[in-house]
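Undergrad: My structure file data.txt, compact mmCIF, C-alpha atoms, is below:
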# COMPACT_ATOMS: atom_id res chain seq x y z
CA MET A 4 123.17 108.71 117.18
CA SER A 5 120.07 110.33 115.80
CA ALA A 6 118.17 112.87 117.87
CA PRO A 7 114.43 112.44 118.53
CA LEU A 8 112.22 114.15 116.00
CA SER A 9 111.57 117.74 117.02
CA ASN A 10 108.07 119.17 116.86
CA ALA A 11 109.18 121.69 114.29
CA ALA A 12 110.59 118.97 112.07
CA PHE A 13 107.45 116.86 112.45
CA ASP A 14 105.40 119.85 111.33
CA VAL A 15 107.53 120.21 108.21
CA PHE A 16 106.71 116.64 107.19
CA ALA A 17 103.07 116.81 108.25
CA SER A 18 102.27 120.02 106.40
CA MET A 19 104.21 119.04 103.29
CA LEU A 20 102.45 115.67 103.10
CA LYS A 21 99.06 117.24 103.70
CA THR A 22 99.51 119.88 101.02
CA ARG A 23 101.02 117.67 98.37
CA SER A 24 99.13 114.42 98.78
CA GLY A 25 96.33 114.93 101.29
CA LEU A 26 98.01 112.42 103.59
CA VAL A 27 97.31 113.29 107.20
CA ILE A 28 99.81 112.05 109.76
CA GLY A 29 99.44 112.46 113.51
CA PRO A 30 102.24 112.39 116.09
CA ASP A 31 101.46 108.69 116.57
CA LYS A 32 102.82 108.06 113.07
CA VAL A 33 106.40 109.12 113.76
CA TYR A 34 107.46 105.49 113.48
CA LEU A 35 106.05 105.47 109.95
CA LEU A 36 108.19 108.46 109.02
CA GLU A 37 111.20 106.70 110.49
CA THR A 38 110.72 103.40 108.68
CA ARG A 39 109.56 104.79 105.35
CA LEU A 40 112.13 107.58 105.09
CA ALA A 41 115.18 105.64 106.30
CA PRO A 42 116.30 104.82 102.73
CA ILE A 43 116.22 108.53 101.83
CA LEU A 44 118.30 109.46 104.89
CA LYS A 45 120.85 106.87 103.91
CA ARG A 46 120.98 107.95 100.29
CA GLU A 47 121.34 111.63 101.20
CA GLY A 48 123.87 110.93 103.96
CA LEU A 49 121.66 112.59 106.58
CA ALA A 50 121.91 111.79 110.28
CA ASP A 51 118.19 111.81 111.09
CA LEU A 52 114.75 113.12 110.21
CA ASN A 53 115.56 116.53 111.72
CA ALA A 54 118.32 116.95 109.17
CA LEU A 55 115.97 115.87 106.40
CA ALA A 56 113.35 118.37 107.56
CA ASP A 57 116.00 121.11 107.52
CA LYS A 58 116.84 120.22 103.97
CA LEU A 59 113.18 120.35 102.94
CA ARG A 60 112.81 123.86 104.28
CA TYR A 61 115.17 125.24 101.68
CA PRO A 62 114.60 125.83 98.00
CA GLY A 63 116.06 123.28 95.60
CA SER A 64 114.73 120.36 97.59
CA GLU A 65 111.99 119.52 95.08
CA THR A 66 113.37 116.09 94.18
CA ILE A 67 113.76 115.04 97.79
CA ALA A 68 110.32 116.40 98.64
CA ARG A 69 108.83 114.29 95.87
CA ASP A 70 110.70 111.21 97.11
CA VAL A 71 109.43 111.79 100.64
CA VAL A 72 105.82 112.03 99.44
CA GLU A 73 106.24 108.90 97.32
CA ALA A 74 107.79 106.93 100.16
CA MET A 75 105.02 107.91 102.55
CA THR A 76 102.09 107.31 100.20
CA THR A 77 103.17 104.05 98.62
CA ASN A 78 101.02 101.20 99.75
CA GLU A 79 101.13 97.50 99.44
CA SER A 80 98.89 96.11 96.82
CA PHE A 81 97.99 92.69 95.52
CA PHE A 82 95.93 91.05 92.83
CA PHE A 83 92.20 90.76 93.54
CA ARG A 84 92.69 92.34 96.95
CA ASP A 85 89.68 91.66 99.22
CA ASP A 86 88.02 89.61 96.46
CA LYS A 87 84.46 90.85 97.12
CA PRO A 88 84.52 94.10 95.13
CA PHE A 89 85.94 92.24 92.14
CA LEU A 90 83.27 89.59 92.45
CA HIS A 91 80.59 92.28 92.60
CA PHE A 92 82.07 94.01 89.57
CA LYS A 93 82.24 90.77 87.60
CA THR A 94 78.84 89.33 88.47
CA GLN A 95 76.70 92.44 89.02
CA ALA A 96 78.11 95.70 87.73
CA LEU A 97 79.65 94.52 84.48
CA PRO A 98 76.68 92.50 83.13
CA LYS A 99 74.35 95.37 84.00
CA LEU A 100 76.48 98.02 82.34
CA LEU A 101 76.91 95.91 79.22
CA ALA A 102 73.17 95.33 79.03
CA THR A 103 72.14 98.94 79.49
CA ARG A 104 74.73 100.68 77.31
CA PRO A 105 74.59 100.83 73.54
CA SER A 106 77.42 98.66 72.23
CA HIS A 107 79.26 101.55 70.60
CA MET A 108 79.76 103.22 73.96
CA PRO A 109 83.10 102.47 75.54
CA LEU A 110 83.29 101.31 79.13
CA ARG A 111 85.68 103.38 81.20
CA ILE A 112 87.09 102.17 84.50
CA TRP A 113 89.30 104.07 86.89
CA SER A 114 91.68 102.55 89.38
CA ALA A 115 92.39 105.56 91.57
CA ALA A 116 95.63 105.39 93.55
CA SER A 117 96.65 102.42 91.46
CA SER A 118 99.97 101.87 93.25
CA SER A 119 101.94 99.09 91.53
CA GLY A 120 99.02 98.29 89.23
CA GLN A 121 97.57 95.04 90.58
CA GLU A 122 94.04 96.41 90.95
CA ALA A 123 93.92 97.75 87.39
CA TYR A 124 95.32 94.51 85.97
CA SER A 125 92.90 92.45 88.07
CA LEU A 126 90.06 94.37 86.43
CA ALA A 127 91.65 93.83 83.03
CA MET A 128 91.79 90.09 83.69
CA ILE A 129 88.12 90.01 84.65
CA LEU A 130 87.25 91.77 81.40
CA ALA A 131 89.51 89.52 79.35
CA GLU A 132 87.88 86.47 80.96
CA ALA A 133 84.46 87.91 80.13
CA ARG A 134 85.39 88.49 76.49
CA ALA A 135 82.36 86.59 75.22
CA MET A 136 80.06 88.94 77.11
CA VAL A 137 82.06 92.10 76.42
CA GLY A 138 82.29 91.48 72.68
CA ASP A 139 83.87 94.24 70.60
CA ARG A 140 83.05 96.99 73.04
CA LYS A 141 85.90 99.34 73.71
CA ILE A 142 87.23 99.11 77.26
CA GLU A 143 89.48 101.68 78.84
CA ILE A 144 91.06 101.07 82.21
CA ILE A 145 92.95 104.02 83.64
CA GLY A 146 95.19 103.65 86.66
CA THR A 147 96.44 106.81 88.33
CA ASP A 148 98.89 107.32 91.12
CA LEU A 149 100.70 110.20 92.68
CA ALA A 150 103.99 108.34 92.80
CA ARG A 151 106.02 108.44 89.61
CA GLU A 152 107.95 105.33 90.56
CA GLN A 153 104.75 103.35 91.14
CA VAL A 154 103.32 104.46 87.84
CA ALA A 155 106.48 103.28 86.09
CA ARG A 156 106.31 99.95 87.91
CA ALA A 157 102.67 99.51 87.05
CA ARG A 158 103.37 100.23 83.39
CA SER A 159 106.17 97.66 83.32
CA GLY A 160 103.71 95.01 84.49
CA LEU A 161 106.56 93.11 86.11
CA TYR A 162 105.91 91.33 89.42
CA SER A 163 107.91 89.18 91.79
CA GLN A 164 107.19 85.53 92.46
CA PHE A 165 105.72 86.52 95.80
CA GLU A 166 103.42 89.10 94.25
CA VAL A 167 101.99 86.78 91.60
CA GLN A 168 101.05 84.27 94.28
CA ARG A 169 99.09 86.65 96.43
CA GLY A 170 95.48 86.63 95.36
CA LEU A 171 96.13 85.46 91.81
CA PRO A 172 94.71 82.05 90.82
CA VAL A 173 97.28 79.96 88.96
CA GLN A 174 95.04 79.70 85.87
CA LEU A 175 95.21 83.47 85.48
CA LEU A 176 98.97 83.41 85.98
CA MET A 177 99.22 80.89 83.14
CA ARG A 178 96.95 82.85 80.85
CA TYR A 179 98.14 86.42 81.34
CA PHE A 180 101.77 86.31 82.49
CA LYS A 181 105.11 85.41 81.03
CA LYS A 182 108.06 84.30 83.08
CA GLU A 183 111.20 86.38 82.72
CA ASP A 184 114.53 86.26 84.51
CA SER A 185 113.54 89.06 86.85
CA GLY A 186 109.98 87.95 87.55
CA TRP A 187 106.59 87.52 85.91
CA ARG A 188 105.38 90.03 83.35
CA ILE A 189 101.79 90.77 82.34
CA ASN A 190 101.39 89.92 78.67
CA GLU A 191 101.14 92.54 75.94
CA ALA A 192 97.44 92.13 75.28
CA LEU A 193 96.50 92.75 78.87
CA ARG A 194 98.92 95.63 79.27
CA ALA A 195 97.34 97.24 76.22
CA MET A 196 93.99 97.35 78.06
CA VAL A 197 95.38 99.48 80.86
CA GLN A 198 96.85 102.95 80.86
CA PHE A 199 98.73 104.32 83.84
CA ARG A 200 99.08 108.03 84.50
CA GLU A 201 100.75 110.13 87.13
CA TRP A 202 97.93 112.07 88.76
CA ASN A 203 97.21 113.74 92.08
CA LEU A 204 93.76 113.00 93.53
CA LEU A 205 93.75 116.48 95.03
CA GLY A 206 94.21 118.08 91.63
CA ASP A 207 91.71 118.67 88.84
CA LEU A 208 90.28 115.28 87.92
CA ARG A 209 88.14 116.39 84.98
CA PRO A 210 90.80 115.87 82.29
CA LEU A 211 90.68 112.14 83.11
CA GLY A 212 87.22 111.98 81.55
CA LYS A 213 84.07 110.12 82.58
CA PHE A 214 84.17 106.82 84.42
CA ASP A 215 81.45 104.18 84.65
CA ILE A 216 83.29 102.34 87.40
CA VAL A 217 85.66 103.77 89.98
CA PHE A 218 87.82 101.71 92.30
CA CYS A 219 89.17 104.06 94.96
CA ARG A 220 90.21 101.80 97.77
CA ASN A 221 92.33 102.28 100.84
CA VAL A 222 93.34 105.80 100.00
CA LEU A 223 90.61 107.94 101.59
CA ILE A 224 91.55 106.51 104.99
CA TYR A 225 94.70 108.64 104.90
CA PHE A 226 92.80 111.91 104.32
CA ASP A 227 91.02 114.24 106.71
CA GLN A 228 87.22 114.64 106.41
CA GLN A 229 87.41 117.72 104.27
CA THR A 230 89.83 116.17 101.80
CA LYS A 231 87.76 112.97 101.66
CA ALA A 232 84.69 115.03 100.80
CA LYS A 233 86.56 116.98 98.13
CA VAL A 234 87.89 113.85 96.42
CA LEU A 235 84.54 112.05 96.60
CA GLU A 236 82.66 115.01 95.18
CA ALA A 237 85.15 115.47 92.36
CA THR A 238 84.83 111.75 91.65
CA ALA A 239 81.03 111.90 91.59
CA ALA A 240 81.29 114.62 88.96
CA LEU A 241 83.11 112.17 86.66
CA MET A 242 80.45 109.50 86.85
CA PRO A 243 77.28 108.92 84.83
CA GLU A 244 73.96 108.40 86.59
CA ASP A 245 74.42 104.63 86.84
CA GLY A 246 78.14 104.65 87.68
CA LEU A 247 79.50 102.72 90.63
CA LEU A 248 82.15 103.51 93.19
CA TYR A 249 84.06 100.87 95.14
CA LEU A 250 85.73 101.87 98.39
CA GLY A 251 88.03 99.94 100.73
CA GLY A 252 86.74 97.85 103.63
CA ALA A 253 87.46 100.53 106.24
CA GLU A 254 86.04 103.40 104.20
CA THR A 255 82.60 104.91 103.81
CA VAL A 256 80.83 107.93 102.33
CA LEU A 257 78.42 108.18 105.24
CA GLY A 258 78.82 111.41 107.12
CA ILE A 259 81.25 112.69 104.49
CA THR A 260 79.26 113.44 101.38
CA ALA A 261 75.67 113.12 100.25
CA ARG A 262 76.69 112.63 96.61
CA PHE A 263 77.02 108.85 97.02
CA ALA A 264 74.76 106.31 98.71
CA PRO A 265 75.59 102.69 99.51
CA LEU A 266 73.91 100.00 97.45
CA ALA A 267 71.46 98.10 99.62
CA GLY A 268 72.91 94.82 100.81
CA GLU A 269 76.40 95.53 99.47
CA ARG A 270 79.45 96.51 101.44
CA GLY A 271 81.78 99.07 99.94
CA VAL A 272 79.76 99.65 96.75
CA TYR A 273 78.21 103.06 96.15
CA GLY A 274 76.03 104.66 93.53
CA LEU A 275 75.23 108.31 92.98
CA ALA A 276 72.68 109.42 95.54
CA THR A 277 70.41 110.92 92.90
CA SER A 278 70.36 107.81 90.76
CA THR A 279 67.56 105.27 90.63
CA ALA A 280 69.60 102.90 88.48
CA HIS A 281 70.50 100.45 91.25
CA GLY A 282 67.20 99.99 93.02
CA PRO A 283 66.52 100.91 96.64
CA ARG A 284 69.16 102.84 98.53
CA VAL A 285 70.33 102.88 102.04
CA THR A 286 69.91 106.49 102.99
CA ALA A 287 72.26 108.15 105.40
CA GLY A 288 69.46 108.57 107.95
CA VAL A 289 68.67 104.87 108.00
CA ALA A 290 72.25 103.59 107.98
CA MET B 30 84.53 68.40 110.88
CA PRO B 31 87.87 70.09 110.21
CA HIS B 32 89.32 69.98 106.70
CA THR B 33 92.02 67.38 106.31
CA CYS B 34 95.29 67.98 104.50
CA LEU B 35 98.01 65.52 103.58
CA VAL B 36 101.37 67.29 103.41
CA VAL B 37 103.74 65.50 101.04
CA ASP B 38 107.36 66.63 101.12
CA ASP B 39 110.68 64.86 101.64
CA SER B 40 111.85 67.73 103.85
CA ARG B 41 110.78 67.33 107.44
CA VAL B 42 111.27 71.08 107.96
CA VAL B 43 108.87 72.00 105.15
CA ARG B 44 106.30 69.52 106.47
CA LYS B 45 106.58 71.04 109.91
CA VAL B 46 106.18 74.61 108.63
CA ALA B 47 103.15 73.66 106.53
CA ARG B 48 101.64 71.67 109.39
CA ARG B 49 101.93 74.59 111.77
CA ILE B 50 100.23 77.01 109.35
CA LEU B 51 97.48 74.55 108.47
CA GLU B 52 96.75 73.62 112.08
CA THR B 53 96.49 77.28 113.01
CA HIS B 54 93.69 77.49 110.45
CA GLY B 55 91.85 74.49 111.81
CA TYR B 56 93.12 71.73 109.52
CA ALA B 57 93.76 68.18 110.62
CA VAL B 58 97.16 67.37 109.10
CA THR B 59 98.83 64.11 108.09
CA GLU B 60 102.26 63.75 106.47
CA ALA B 61 104.02 61.69 103.84
CA ALA B 62 107.67 61.84 102.74
CA ASP B 63 107.25 60.72 99.13
CA GLY B 64 104.65 60.00 96.45
CA GLN B 65 104.32 56.32 97.28
CA GLN B 66 103.68 56.99 100.95
CA ALA B 67 101.18 59.63 99.91
CA LEU B 68 99.32 57.24 97.61
CA ASP B 69 99.14 54.66 100.40
CA ALA B 70 97.85 57.35 102.77
CA CYS B 71 95.11 58.36 100.30
CA ARG B 72 94.02 54.74 99.90
CA ALA B 73 93.75 54.41 103.67
CA ALA B 74 91.92 57.70 104.29
CA MET B 75 91.18 60.27 101.59
CA PRO B 76 92.10 63.82 102.67
CA ASP B 77 90.26 66.93 101.43
CA CYS B 78 93.49 68.35 100.16
CA VAL B 79 97.04 67.31 99.27
CA LEU B 80 99.91 69.77 99.49
CA LEU B 81 102.42 68.26 97.09
CA ASP B 82 106.16 68.69 96.58
CA TRP B 83 107.54 67.87 93.13
CA ASN B 84 111.00 66.39 93.56
CA MET B 85 111.04 63.50 95.99
CA PRO B 86 112.71 60.08 96.22
CA VAL B 87 110.80 56.83 95.45
CA MET B 88 107.91 58.55 93.63
CA ASP B 89 107.87 62.19 92.60
CA GLY B 90 104.90 64.52 92.93
CA LEU B 91 103.80 64.45 89.30
CA THR B 92 103.81 60.64 89.17
CA PHE B 93 101.81 60.57 92.39
CA LEU B 94 99.31 63.04 90.90
CA LYS B 95 98.84 60.97 87.73
CA ASN B 96 98.32 57.79 89.76
CA LEU B 97 95.95 59.55 92.13
CA ARG B 98 93.74 60.90 89.35
CA LEU B 99 93.77 57.55 87.53
CA GLU B 100 92.63 55.74 90.64
CA PHE B 101 90.28 58.27 92.22
CA GLY B 102 89.05 60.56 89.42
CA PRO B 103 89.70 64.17 88.50
CA GLU B 104 88.10 66.14 91.36
CA ASN B 105 89.02 64.85 94.78
CA PRO B 106 91.16 65.31 96.66
CA CYS B 107 92.13 68.86 95.81
CA VAL B 108 95.85 68.94 94.94
CA VAL B 109 98.00 72.00 95.49
CA PHE B 110 101.57 71.69 94.25
CA CYS B 111 104.16 73.30 96.48
CA THR B 112 107.59 73.22 94.90
CA THR B 113 110.73 75.14 94.02
CA GLU B 114 110.00 74.41 90.34
CA ASN B 115 108.87 77.83 89.15
CA ASP B 116 108.73 77.82 85.37
CA MET B 117 105.67 77.83 83.15
CA ASP B 118 106.37 74.29 81.83
CA HIS B 119 106.14 72.75 85.26
CA ILE B 120 103.06 74.78 86.16
CA GLU B 121 101.31 73.74 82.95
CA GLN B 122 102.21 70.08 83.45
CA ALA B 123 100.87 70.19 86.98
CA ILE B 124 97.57 71.80 86.02
CA THR B 125 97.12 69.66 82.89
CA ASN B 126 97.52 66.56 85.01
CA GLY B 127 94.84 67.63 87.44
CA ALA B 128 96.37 69.84 90.13
CA GLN B 129 94.00 72.63 91.22
CA GLU B 130 96.60 75.12 92.40
CA TYR B 131 100.32 75.73 92.40
CA ILE B 132 102.60 77.31 94.98
CA MET B 133 106.17 78.28 94.16
CA LYS B 134 108.52 77.98 97.13
CA PRO B 135 109.39 79.79 99.24
CA PHE B 136 105.87 80.29 100.55
CA ASP B 137 104.48 81.96 103.62
CA GLU B 138 101.24 81.70 105.56
CA GLU B 139 99.50 84.27 103.41
CA ILE B 140 100.26 82.48 100.16
CA LEU B 141 99.35 79.02 101.46
CA ILE B 142 96.11 80.13 103.10
CA GLY B 143 95.26 82.36 100.14
CA LYS B 144 95.60 79.46 97.73
CA LEU B 145 93.47 77.19 99.93
CA ALA B 146 90.82 79.91 100.07
CA GLN B 147 90.87 80.08 96.28
CA VAL B 148 90.18 76.39 95.94
CA GLY B 149 87.35 76.72 98.46
CA LEU B 150 88.96 74.92 101.38
CA LEU B 151 88.80 77.51 104.10
Give the structure from this file in structure tokens form.

TA:
Amino acid sequence: MSAPLSNAAFDVFASMLKTRSGLVIGPDKVYLLETRLAPILKREGLADLNALADKLRYPGSETIARDVVEAMTTNESFFFRDDKPFLHFKTQALPKLLATRPSHMPLRIWSAASSSGQEAYSLAMILAEARAMVGDRKIEIIGTDLAREQVARARSGLYSQFEVQRGLPVQLLMRYFKKEDSGWRINEALRAMVQFREWNLLGDLRPLGKFDIVFCRNVLIYFDQQTKAKVLEATAALMPEDGLLYLGGAETVLGITARFAPLAGERGVYGLATSTAHGPRVTAGVA
Amino acid sequence: MPHTCLVVDDSRVVRKVARRILETHGYAVTEAADGQQALDACRAAMPDCVLLDWNMPVMDGLTFLKNLRLEFGPENPCVVFCTTENDMDHIEQAITNGAQEYIMKPFDEEILIGKLAQVGLL
């Protein structure tokens, strides 16, 4: 039988996850360690999490450490998740950007913490559907994730029957997917619009370049205040004056950084605080 | 007024599962075991939505759909196929003949409700 997780072992996981990914876990999340790391215990022939923690304390455990971080930071994702931010992007942000930018300027979009790729491909589908409006303008969609396995999955563009039915209208399935024996694969043209890269949000983001639109949803919730602020400020530095940031439903910039301000009347959409590009702002004092 | 949904499937178990999900979300549900029964039900009282199996005795789902659209026009009721047929040919046939959405079995609450939300029936 496995022994209960010792405090010392818990600290090993907590500090490793914090340092490597920014993920903050409290003692109330022991069950999460147990469920997410069970496959690794089994694979390594370890009795329990204490044994795994022991292993992580010694040099030469880099591969296992990476697997632990991946297992703990991988999150469920589906096409057009939450709907609203995609609708705002399609009907507000995109037309405005296309109208205000010279046509030779590429549009760059970042799906931060892209997981298995559904968010990035959802954006690609919106752009493909808006081809008439987009014209010949160059579009670059970059998805980044910490987890190597997720990046590989996202690149493959292969999804299960369950996954292609969650959030994805059947017309888009018909237009942008091909059925294969092992599932449904995003077609070549759409995959060519999206690039996936292994990248840590806590690392230097500048090599990724500038982004007009940033989707960074349901990842900040796992960070402590300081890490949230660091990631948001580094993100702000990648965005032009009229860039837009989309956060998850349970996330906000208020009380964390003054670099972003919510767009008036919109939930989860933020512009740079210094910008006047999006009309009146909700200031932190008012909200 | 609650939305109404006619669940058409020759499996009583599938009808029961769908009914339970739909009722949880406020639908008034009626049932039919084949396409002919479903057509009769639509003539008697038109539902907002039809959840439609493909392979059934007496009249299959596609034949029902064609008859329905011929008799009542292209828009209403909203038809969502719900079938084990999961290849592109079947999907294209269904949509070309006037279905609004398509569910590949097995389905769960999230898929069914998600699809109904997409067609504006939630």

Undergrad: Atom CA of A:Asn221 to atom CA of A:Ala115: how many Å, to one decimal?

TA: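 The value is 9.8 Å.
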
Undergrad: Where does chain A meet chain B within 7 Å, residue by residue, with the nearest atom pair and distance in Å to one decimal for each, counting all atoms listed in the file, listed by chain and rising number, as CSV?

TA:
residue,atom,partner,partner_atom,distance
A:Gln168,CA,B:Ile140,CA,6.2
A:Arg169,CA,B:Ile140,CA,5.7
A:Gly170,CA,B:Gly143,CA,6.4
A:Pro172,CA,B:Gln147,CA,7.0
A:Val173,CA,B:Glu130,CA,6.0
A:Lys182,CA,B:Met117,CA,6.9

Undergrad: Nearest residue to B:Ala74 out of B:Lys45, B:Pro31, B:Thr59, B:Pro103, using all atoms listed in the file?

TA: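 So, comparing all the options, the nearest one is B:Thr59.
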
Undergrad: What is the distance, in Å and to one decimal place, between atom CA of A:Ile112 and atom CA of A:Arg156?

TA: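 Going from atom CA of A:Ile112 over to atom CA of A:Arg156 covers 19.6 Å.
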
Undergrad: Considering all atoms listed in the file, can you say which of B:Met30, B:Pro106, B:Gly149, B:Ala128 comes closest to B:Thr92?

TA: B:Ala128

Undergrad: Can you tell me how far atom CA of A:Arg209 sits from atom CA of A:Met242, in Å to one decimal?

TA: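 Atom-to-atom, atom CA of A:Arg209 to atom CA of A:Met242, that is 10.5 Å.
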
Undergrad: Give me the residues within 10 Å of A:Thr238 as a list of chain:residue names, counting all atoms listed in the file and dropping any in the same chain fewer than 5 places off.

TA: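 Here the qualifying residues turn out to be A:Ala115, A:Leu204, A:Leu208, A:Arg209, A:Lys213, A:Phe214, A:Val217, A:Cys219, A:Ala232, A:Lys233, A:Leu248, A:Arg262, A:Phe263.
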
Undergrad: Taking the point (109.2, 67.3, 98.4) as given in the file, collect each protein or nucleic acid residue that comes within 10 Å of it, counting all atoms listed in the file, and present the set as a PDB file with C-alpha atoms, in the coordinates of the input.

TA:
ATOM      1  CA  VAL B  36     101.370  67.290 103.410  1.00  0.00           C
ATOM      2  CA  VAL B  37     103.740  65.500 101.040  1.00  0.00           C
ATOM      3  CA  ASP B  38     107.360  66.630 101.120  1.00  0.00           C
ATOM      4  CA  ASP B  39     110.680  64.860 101.640  1.00  0.00           C
ATOM      5  CA  SER B  40     111.850  67.730 103.850  1.00  0.00           C
ATOM      6  CA  ARG B  41     110.780  67.330 107.440  1.00  0.00           C
ATOM      7  CA  VAL B  43     108.870  72.000 105.150  1.00  0.00           C
ATOM      8  CA  ARG B  44     106.300  69.520 106.470  1.00  0.00           C
ATOM      9  CA  ALA B  61     104.020  61.690 103.840  1.00  0.00           C
ATOM     10  CA  ALA B  62     107.670  61.840 102.740  1.00  0.00           C
ATOM     11  CA  ASP B  63     107.250  60.720  99.130  1.00  0.00           C
ATOM     12  CA  GLY B  64     104.650  60.000  96.450  1.00  0.00           C
ATOM     13  CA  LEU B  80      99.910  69.770  99.490  1.00  0.00           C
ATOM     14  CA  LEU B  81     102.420  68.260  97.090  1.00  0.00           C
ATOM     15  CA  ASP B  82     106.160  68.690  96.580  1.00  0.00           C
ATOM     16  CA  TRP B  83     107.540  67.870  93.130  1.00  0.00           C
ATOM     17  CA  ASN B  84     111.000  66.390  93.560  1.00  0.00           C
ATOM     18  CA  MET B  85     111.040  63.500  95.990  1.00  0.00           C
ATOM     19  CA  PRO B  86     112.710  60.080  96.220  1.00  0.00           C
ATOM     20  CA  ASP B  89     107.870  62.190  92.600  1.00  0.00           C
ATOM     21  CA  GLY B  90     104.900  64.520  92.930  1.00  0.00           C
ATOM     22  CA  PHE B 110     101.570  71.690  94.250  1.00  0.00           C
ATOM     23  CA  CYS B 111     104.160  73.300  96.480  1.00  0.00           C
ATOM     24  CA  THR B 112     107.590  73.220  94.900  1.00  0.00           C
ATOM     25  CA  THR B 113     110.730  75.140  94.020  1.00  0.00           C
TER      26      THR B 113
END
